[in-house]
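Report on one structure; see the data block that follows.
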Amino acid sequence: MVCESWKAKLDTYLDGEVAEGEMRSFDAHIRSCLSCSADALTRVQMKRAIQAAGKRYTSSAEFRKRMQQKIAAKPQRRFGLSWTLAAAAAAVILVGTLTSAYLGSRPGRDQVFSEIADLHVATLASSSPVDVISTDRHTVKPWFQGRIPFAFNLPELQNSEFSLLGGRMTYLEQTPGAHLIYDVRKHHVSVLVFQERSLPARLDENSVSKKQPFNMETWSQGGLRYFVIGDAGAADIDSLAKLFKAAS
Amino acid sequence: MPHFERLYNFACWLTHDRQEAEDLVQETYVKALKGFPSFQPGTNFRAWIYKILRNAFLTSRTGLKATATVQLDLESEEEALPAATETPESILLQRSDGRLVQQALEQLPVAYREVLLLCEVEEMSYQEISATLAIPMGTVMSRLSRARKALRGGLQQQFCRRAELKW
């Protein structure tokens with residue numbers, strides 16, 4: 001009778017969905033009960049078999065190629081669209097119908113800004129937006145050592161409205177860089193840093209398109225190109241940019 | 001393309017047709033595009049996009065047909081299967097016959113198939129499954145339990161069929 005109550009919850013246990021305390025009791029019981037351990041083994045085999053059998057279908061090369069073409073074409077038209085389309089395009093990285101006509105006709109800097117907006121939105125849409133989670137700049141900065149081919153300084157945020165949420169490695173046109181995420185009054189702001197010489201287009205502070213869907217600032221300092229982007233107010237974007245300029 | 005291949009795999013399992021699956025995946029991204037403002041950053045993106053795909057499937061011709069034939073007693077209370085250390089399905093599983101498991105999965109009602117795939121293949125938590133299928137956690141647990149039981153039943157049938165053929 002005792003075992004029946006365990007067995008009733010065996011699948012939940014094997015799915016890792018029982019409470020932590022109960023999990024320990026379960027572990028102990030499974031180790032000591034031959035019947036339950038045998039039952040658990042069969043169920044684990046079943047889980048593994050379903051997992052293996054369930055990964056059955058892969059998309060055709062043709063379908064993948066069709067989608068990839070849409071992805072490649074997407075950035076050229078994003079800046080002419082509304083924020084809704086731009087944000088969603090960055091998140092799902094797919095679907096566009098009027099792309100080919102724009103290929104090669106937009107200035108390189110618009111492509112860069114478009115990619116920056118993509119990185120910002122896609123990161124926020126991700127279930128794990130940061131790889132290093134810390135509010136401490138002395139934790140986040142060293143995390144980038146060996147991951148990106150340059151060093152940069154993070155500003156001191158005491159007495160400011162900003163808080164650091166963490167960072168991740170990112171790429172822009174095959175160039176590695178740092179992506180930091182800050183919080184300001186419940187808005188998430190991205191700061192992206194790349195080597196200036198690695199970027200494909202020449203950029204300057206005045207080249208940020210007015211039509212773009214986010215507030216953005218960009219500048220070059222010490223051979224590095226900084227981008228601050230987010231849906232926070234322009235004043236907040238500017239304040240964070242100033243903190244970075246002062247720290248560099 | 002976040003989750004692209006996995007969404008495609010899931011779509012194939014739902015539709016049993018590659019062309020329909022491609023259409024479904026494409027429709028999913030189109031709907032995600034249009035509905036992106038409704039997505040809350042910081043919430044579960046995976047559950048959100050799977051939910052879009054599943055809703056698109058439910059309104060498709062295949063989805064309507066599949067759900068129209070779902071048994072009405074899917075959520076009814078049933079006795080748990082008795083424990084057995086050596087069962088026909090465990091023997092089959094030990095032989096790693098993936099094709100039989102695939103056939104048994106195919107034959108499950110879509111409501112059972114999808115919950116099993118989300119749990120075992122996508123390795124979603126009960127909470128994620130609850131959000132994806134828009135059903136309470138308790139229903140996730142009971143449906144999973146019945147789906148597993150139905151799969152074991154399907155494997156047993158196949159095992160018996162095989163044994164008869166051998167004789």
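Chain lettering (A, B, ...) mirrors the order of the structure tokens, residue numbering begins at 1 for each chain separately, and ligand numbering begins at 1 in order of display.
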
May I have the residues within 7 Å of region 48-61 of chain B as a short mmCIF file (atom, residue, chain, number, x, y, z; two decimals) with N, CA, C and O atoms, in the first residue's frame, using only C-alpha atoms and disregarding those fewer than 4 positions away in the same chain?
data_model
loop_
_atom_site.label_atom_id
_atom_site.label_comp_id
_atom_site.auth_asym_id
_atom_site.auth_seq_id
_atom_site.Cartn_x
_atom_site.Cartn_y
_atom_site.Cartn_z
N LEU B 24 2.29 25.51 -41.61
CA LEU B 24 1.96 25.82 -40.22
C LEU B 24 3.09 26.63 -39.56
O LEU B 24 2.83 27.61 -38.85
N VAL B 25 4.32 26.22 -39.82
CA VAL B 25 5.46 26.93 -39.25
C VAL B 25 5.50 28.36 -39.80
O VAL B 25 5.69 29.32 -39.07
N THR B 28 2.87 30.36 -38.26
CA THR B 28 3.23 30.66 -36.87
C THR B 28 4.09 31.91 -36.80
O THR B 28 3.85 32.81 -35.99
N ALA B 32 3.26 35.40 -35.15
CA ALA B 32 4.15 35.91 -34.11
C ALA B 32 4.56 37.34 -34.45
O ALA B 32 4.63 38.21 -33.58
N ASN B 44 7.89 33.63 -20.95
CA ASN B 44 8.42 32.48 -21.68
C ASN B 44 8.13 32.57 -23.18
O ASN B 44 7.01 32.33 -23.62
N LYS B 65 -10.28 18.51 -37.87
CA LYS B 65 -10.67 17.11 -38.05
C LYS B 65 -10.15 16.26 -36.87
O LYS B 65 -10.86 15.42 -36.34
N THR B 132 1.32 26.68 -22.74
CA THR B 132 1.25 26.40 -24.18
C THR B 132 -0.12 25.88 -24.59
O THR B 132 -0.69 26.30 -25.58
N LEU B 133 -0.64 24.95 -23.79
CA LEU B 133 -1.91 24.33 -24.16
C LEU B 133 -3.11 25.06 -23.56
O LEU B 133 -4.26 24.69 -23.84
#

### Task
Kindly indicate which residue among A:Cys33, A:Ala125, A:Met67, A:Ala28 lies nearest to chain B, using only C-alpha atoms for the distances.
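Closest to chain B of all the choices is A:Ala125.
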
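In terms of minimum interatomic distance to chain A, B:Val101 ranks closest within B:Ala66, B:Ile129, B:Val101, B:Leu7, counting only C-alpha atoms.
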
#### Entry: Counting only C-alpha atoms, the option among B:Phe159, B:Phe4, B:Phe36, B:Tyr112 closest to chain A
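Checking each of B:Phe159, B:Phe4, B:Phe36, B:Tyr112 against chain A, counting only C-alpha atoms, the winner is B:Phe36.
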
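Considering the residues A:Leu124, A:Leu34, A:Ala151, A:Ala234 and counting only C-alpha atoms, chain B has its shortest atom-to-atom contact with A:Leu124.
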
#### Entry: Shell around region 162-177 of chain A at 6 Å using only C-alpha atoms, local window under 4 positions removed, as a list in words
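Result of the neighbour search: Val130, Asp131, Val132, Ile133, Ser134, Thr135, Ile148, Ile181, Tyr182, Asp183, Val184, Val193 and Phe194 of chain A.
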
Would you output that residue set with N, CA, C and O atoms, as a PDB file, in the first residue's frame?
ATOM      1  N   VAL A 130      20.605  37.005 -20.827  1.00  0.00           N
ATOM      2  CA  VAL A 130      22.010  37.246 -20.469  1.00  0.00           C
ATOM      3  C   VAL A 130      22.687  35.934 -20.091  1.00  0.00           C
ATOM      4  O   VAL A 130      22.065  35.039 -19.538  1.00  0.00           O
ATOM      5  N   ASP A 131      23.977  35.856 -20.425  1.00  0.00           N
ATOM      6  CA  ASP A 131      24.749  34.662 -20.073  1.00  0.00           C
ATOM      7  C   ASP A 131      25.442  34.851 -18.726  1.00  0.00           C
ATOM      8  O   ASP A 131      25.732  33.885 -18.044  1.00  0.00           O
ATOM      9  N   VAL A 132      25.775  36.075 -18.387  1.00  0.00           N
ATOM     10  CA  VAL A 132      26.322  36.353 -17.062  1.00  0.00           C
ATOM     11  C   VAL A 132      25.314  37.261 -16.347  1.00  0.00           C
ATOM     12  O   VAL A 132      25.031  38.374 -16.789  1.00  0.00           O
ATOM     13  N   ILE A 133      24.747  36.731 -15.289  1.00  0.00           N
ATOM     14  CA  ILE A 133      23.695  37.466 -14.581  1.00  0.00           C
ATOM     15  C   ILE A 133      24.304  38.075 -13.335  1.00  0.00           C
ATOM     16  O   ILE A 133      24.669  37.366 -12.397  1.00  0.00           O
ATOM     17  N   SER A 134      24.452  39.377 -13.345  1.00  0.00           N
ATOM     18  CA  SER A 134      25.010  40.038 -12.175  1.00  0.00           C
ATOM     19  C   SER A 134      24.765  41.535 -12.260  1.00  0.00           C
ATOM     20  O   SER A 134      24.743  42.118 -13.339  1.00  0.00           O
ATOM     21  N   THR A 135      24.579  42.132 -11.111  1.00  0.00           N
ATOM     22  CA  THR A 135      24.450  43.583 -11.067  1.00  0.00           C
ATOM     23  C   THR A 135      25.802  44.226 -10.768  1.00  0.00           C
ATOM     24  O   THR A 135      25.908  45.442 -10.693  1.00  0.00           O
ATOM     25  N   ILE A 148      35.930  38.096 -25.976  1.00  0.00           N
ATOM     26  CA  ILE A 148      35.947  39.139 -27.013  1.00  0.00           C
ATOM     27  C   ILE A 148      37.371  39.690 -27.110  1.00  0.00           C
ATOM     28  O   ILE A 148      38.106  39.685 -26.116  1.00  0.00           O
ATOM     29  N   ILE A 181      22.971  44.577 -20.615  1.00  0.00           N
ATOM     30  CA  ILE A 181      21.576  44.999 -20.464  1.00  0.00           C
ATOM     31  C   ILE A 181      21.407  45.733 -19.134  1.00  0.00           C
ATOM     32  O   ILE A 181      21.842  45.238 -18.083  1.00  0.00           O
ATOM     33  N   TYR A 182      20.818  46.899 -19.224  1.00  0.00           N
ATOM     34  CA  TYR A 182      20.572  47.731 -18.042  1.00  0.00           C
ATOM     35  C   TYR A 182      19.078  47.942 -17.865  1.00  0.00           C
ATOM     36  O   TYR A 182      18.306  47.874 -18.838  1.00  0.00           O
ATOM     37  N   ASP A 183      18.719  48.179 -16.644  1.00  0.00           N
ATOM     38  CA  ASP A 183      17.327  48.480 -16.336  1.00  0.00           C
ATOM     39  C   ASP A 183      17.229  49.930 -15.881  1.00  0.00           C
ATOM     40  O   ASP A 183      18.053  50.397 -15.087  1.00  0.00           O
ATOM     41  N   VAL A 184      16.257  50.618 -16.439  1.00  0.00           N
ATOM     42  CA  VAL A 184      15.991  51.963 -15.946  1.00  0.00           C
ATOM     43  C   VAL A 184      14.472  52.151 -15.922  1.00  0.00           C
ATOM     44  O   VAL A 184      13.809  52.092 -16.951  1.00  0.00           O
ATOM     45  N   VAL A 193      29.018  46.912 -27.555  1.00  0.00           N
ATOM     46  CA  VAL A 193      30.367  47.450 -27.785  1.00  0.00           C
ATOM     47  C   VAL A 193      31.096  46.551 -28.781  1.00  0.00           C
ATOM     48  O   VAL A 193      31.139  45.325 -28.608  1.00  0.00           O
ATOM     49  N   PHE A 194      31.650  47.179 -29.823  1.00  0.00           N
ATOM     50  CA  PHE A 194      32.405  46.447 -30.843  1.00  0.00           C
ATOM     51  C   PHE A 194      33.678  47.232 -31.173  1.00  0.00           C
ATOM     52  O   PHE A 194      33.776  48.428 -30.881  1.00  0.00           O
TER      53      PHE A 194
END
